[in-house]
Structures are given as structure tokens and as C-alpha cells.
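Structure, as C-alpha cells:
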Amino acid sequence: MTTVLDSTSATPIKATYIKPSGLWSLAWRRLRANRVAMFSLAIVCAYLLMLVLSITGLVSKNWDAEVGVNYAPPTFLSHETEAGPSIIGDVNDVAPLPENPVDPLADIIHKLRAEAPQTTEVAAVRQPTLLFGADKWGHDIIQKTIKGSETSIIVGLVAALLAVSIGTVLGALAGFLGGWVDALLEWFYNIFTSIPYLLLILAIAAVLQQKGVMAIILILGLTGWTGTYRLLRAEYIKHRSREYVMAADAIGASPARKMFIHIFPNVSHVPLVQMSLMVVGFIKAEVILSFLGFGVPVGVVSWGSMLNEAQNELILGKWWQMTAASVAMAVLVTAFSMFTDALRDALDPKLK
């Protein structure tokens, strides 16, 4: 318990100050007592481990190998579903060429084939069924889903972290400092939100002039900070006149320390909830950007590209690719949301 004097009325102010390290230690003890939170954390850590293994090439290194026939069904449905027609075909089905064929383009075609890069591995014997089926090219759906998680998780987490960081910093400055800083940031916020969201995404994508994971992260991160800014600004306006902030000001704490050491732990549930929502929304937004032509480039797989590709497969009754991508995304999103809610409650200083 710390007692200080108010500089205006010389009235003693009693304030209880909890060190940030003690607050996080208390939050961890609360989390350990919550079985649902620990189970959700285990699922999120499993996805992150799978992400690391995929990046390092220890798993799903040959996800683009054509190991199955086109639209190979799952093994447990092999007696009910027949594989689709092969796009490439079997070399044994090709009619034999005459002994002395006349092909004026033979030399040119042979030269082009020799110079062309071999990006896709074709298996010698393509399986009629796979554990969870194959896509139209014969790629294993399980390995493709694991490889797709690499792109989608990176886009969702990094873009959400970028958007929350921008919104938190700007919201803290506007809400705590006030004055011309608040007026300037509010003017910028109003101009930014007056532009339709879709047009804003297209404008930033046109400025970047490129496709790829980094472009998607910048597009989503630079357009998704407004909600966090609005909520954090209101929280900082409410907390800047609290007794513990006045006590910190009386002992000579700097504005940055009061904003991010004293106030931020008490409002940290806001960016955590916003980040949880943004991860979900940004994974979905990656699908939309793929439709608009600003998604991942050709040759890069993600959950969004899998769902985009699976639309045409549903017409043919091939549901396994959409099911695999949807289940993988739903499990991660649900676990991340439940853990974020538990972490928000654990960081709430009002709970005993």
C-alpha cells in the first residue's frame, strides 16, 4: 500500500500498486487452475509446433507430390466412391508411336522440356485411395492441409499482431495525452474509416503491386487497426484519472511508463479480445483476397486457396478437401478464442 499527497488538495491518496511481473504471475496461476484454458493452450501450441515443423521441412516437405490418382477418395470411402478421371493419364494407355515419326517440333519441344524447372514430383505408382483423399492433381489432402496451415497461421497471427500493435499505440497516445494529439489522431481515424473497407484494401493492394504472404499481412494489418484504436482510446480516457495513475504521477513516473506499465495491464483484455477476433477474421479475409486476385500466388497453398479450390470439387461430390481445411481452421480458431477469453479473465485485476 502506497500513500501519496494530491498536489491540488493535499489529501492523502491510498493506492495499491501491483508490479507487472506480479500481475502476470497471478494470471499464470489462474490459467493453470483452468483446465479448459490449458487444453486450449495445448491445442494452440500443437498448431504452432506443426507450423515450425512445416517451415523447417520436417513435415509436408513433398506436399505437392502426385501420390494419388486425381480425386482419390478417402480410404474409408473407397468402396462407395470412385476416383475421378485421371488428368495426366497412365503412360501404359498411350498408343505406341510409329517407328519413324515425323515431328518438325521434336527438337524444340525436347529443348523446352530440358530447360523447364521440375517443381512437382510425380510418383511412379499413384495410389487409388489415400487416408483422407486427394485433390484434382493427386496431392495428399493431409499434407496439403498441414502445409496450408503454415501460410494461414502466419497471415492470421502476424497481421492481427500488427493491427493490434498499431491500434494500441495510437489509442494510448490519443486517450492518455489528449489535446492536439487526440484531435489529430481522431481526424486521421475519421478519414481512414470514411473510406469503404473493400476499396481501402484494393487501394493498398494496388500500391504494394505484388502478391505474397507479406503483401497480405501488410494489407490486413494496415486496415484492421481502427477497432482496437477506438476501444483503447476510450479505456485510456477512463483510466488516466484513476487514483493509481495519480499516485504514479506523484512519484514522478514518465508518461510512457504510466501508459504502458501502469495502465496497460488493466486494459490488456481489450487488445487480447481484439486479436482473437482479428485472427479469425484475417484467416477468412485471406479467402476473400484470393477471390479478388490479391491472395497467395500460384504454387503457394493455404487454407483459403484450398477452400477456393474446393468449391468446384463440391459440384462433383468431392467434399474431403473442404472438410479438411474447414476442420483444421475451426479447431484452431475455437481453441485460440477459448484461451484468449481465459487469459482476459486471468488478467482482470478486479477478479479475486
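Starting from 1 in every chain, residues are counted up; chains themselves are A, B, ... following the order of the C-alpha cells, and ligands are numbered from 1 as listed.
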
Next item on the list: Can you list, as a PyMOL selection string, all residues belonging to region 186-257 of chain A that DSSP tags as helix (DSSP H, G or I)?
Entry: chain A and resi 186-194+197-208+213-223+226-239+243-250+255-257

Just the selected residues (C-alpha atoms), exported as a tab-separated table (two decimals), in the first residue's frame, please.
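The resulting part28.tsv:
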chain	number	residue	atom	x	y	z
A	186	GLU	CA	-9.25	11.39	-34.30
A	187	TRP	CA	-9.12	13.31	-37.58
A	188	PHE	CA	-6.94	10.60	-39.11
A	189	TYR	CA	-9.25	7.88	-37.74
A	190	ASN	CA	-12.36	9.55	-39.18
A	191	ILE	CA	-10.74	9.97	-42.61
A	192	PHE	CA	-9.50	6.37	-42.54
A	193	THR	CA	-12.88	4.87	-41.59
A	194	SER	CA	-14.82	7.02	-44.07
A	197	TYR	CA	-13.24	-1.17	-46.36
A	198	LEU	CA	-13.14	-3.05	-49.66
A	199	LEU	CA	-11.91	-0.01	-51.59
A	200	LEU	CA	-9.28	0.60	-48.92
A	201	ILE	CA	-7.98	-2.95	-49.27
A	202	LEU	CA	-7.87	-2.63	-53.06
A	203	ALA	CA	-6.07	0.72	-52.82
A	204	ILE	CA	-3.35	-0.64	-50.52
A	205	ALA	CA	-3.01	-3.76	-52.68
A	206	ALA	CA	-2.61	-1.57	-55.76
A	207	VAL	CA	0.09	0.48	-54.03
A	208	LEU	CA	2.03	-2.62	-53.00
A	213	VAL	CA	2.25	-13.57	-47.72
A	214	MET	CA	3.95	-10.29	-46.78
A	215	ALA	CA	1.62	-8.30	-49.02
A	216	ILE	CA	-1.46	-9.91	-47.40
A	217	ILE	CA	-0.08	-9.19	-43.91
A	218	LEU	CA	0.50	-5.52	-44.74
A	219	ILE	CA	-2.92	-5.16	-46.37
A	220	LEU	CA	-4.78	-6.64	-43.40
A	221	GLY	CA	-2.59	-5.08	-40.72
A	222	LEU	CA	-2.77	-1.56	-42.13
A	223	THR	CA	-6.56	-1.70	-42.49
A	226	THR	CA	-9.31	1.01	-36.25
A	227	GLY	CA	-11.42	-1.12	-33.89
A	228	THR	CA	-8.60	-1.57	-31.39
A	229	TYR	CA	-7.79	2.14	-31.53
A	230	ARG	CA	-11.36	3.17	-30.76
A	231	LEU	CA	-11.69	0.83	-27.77
A	232	LEU	CA	-8.23	1.55	-26.31
A	233	ARG	CA	-8.74	5.32	-26.61
A	234	ALA	CA	-11.94	5.08	-24.54
A	235	GLU	CA	-10.23	2.87	-21.92
A	236	TYR	CA	-7.27	5.25	-21.54
A	237	ILE	CA	-9.56	8.25	-21.18
A	238	LYS	CA	-11.33	6.40	-18.36
A	239	HIS	CA	-8.16	5.23	-16.59
A	243	GLU	CA	-6.08	7.05	-8.27
A	244	TYR	CA	-3.26	4.67	-9.15
A	245	VAL	CA	-2.32	6.84	-12.15
A	246	MET	CA	-2.34	9.93	-9.94
A	247	ALA	CA	-0.11	8.08	-7.48
A	248	ALA	CA	2.30	7.15	-10.30
A	249	ASP	CA	2.32	10.78	-11.42
A	250	ALA	CA	3.09	11.92	-7.87
A	255	PRO	CA	4.07	9.40	-19.46
A	256	ALA	CA	5.31	6.32	-21.31
A	257	ARG	CA	5.62	4.39	-18.04

Checklist line | Close residues, Ala37 (chain A) itself excluded, 6 Å, only C-alpha atoms, min 3 positions apart in chain, as a VMD selection string | finding: chain A and resid 34 40 339 342

Item checked: Minimum-distance residue to Pro271 (chain A), chosen among A:Ser326, A:Ser241, A:Thr334, A:Thr340 (using only C-alpha atoms) -> A:Thr340

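For region 308-319 of chain A, the list of residues within 9 Å, based on only C-alpha atoms and with local chain neighbours fewer than 3 positions off taken out, reads Tyr71, Pro73, Asp135, Lys136, Val287, Ser290, Phe291, Trp303, Gly304, Ser305, Met322, Thr323 and Ala324 of chain A.
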
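Nearest-residue note for Val158 (chain A): choosing from A:Val331, A:Leu31, A:Met275, A:Leu49, the minimum distance belongs to A:Met275, counting only C-alpha atoms.
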
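Among the candidates A:Val267, A:Ala172, A:Val125, A:Val67, the one nearest to His139 (chain A) when counting only C-alpha atoms is A:Val67.
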
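CA of Asp140 (chain A) to CA of Ala42 (chain A) spans 26.1 Å [interatomic distance, one decimal].
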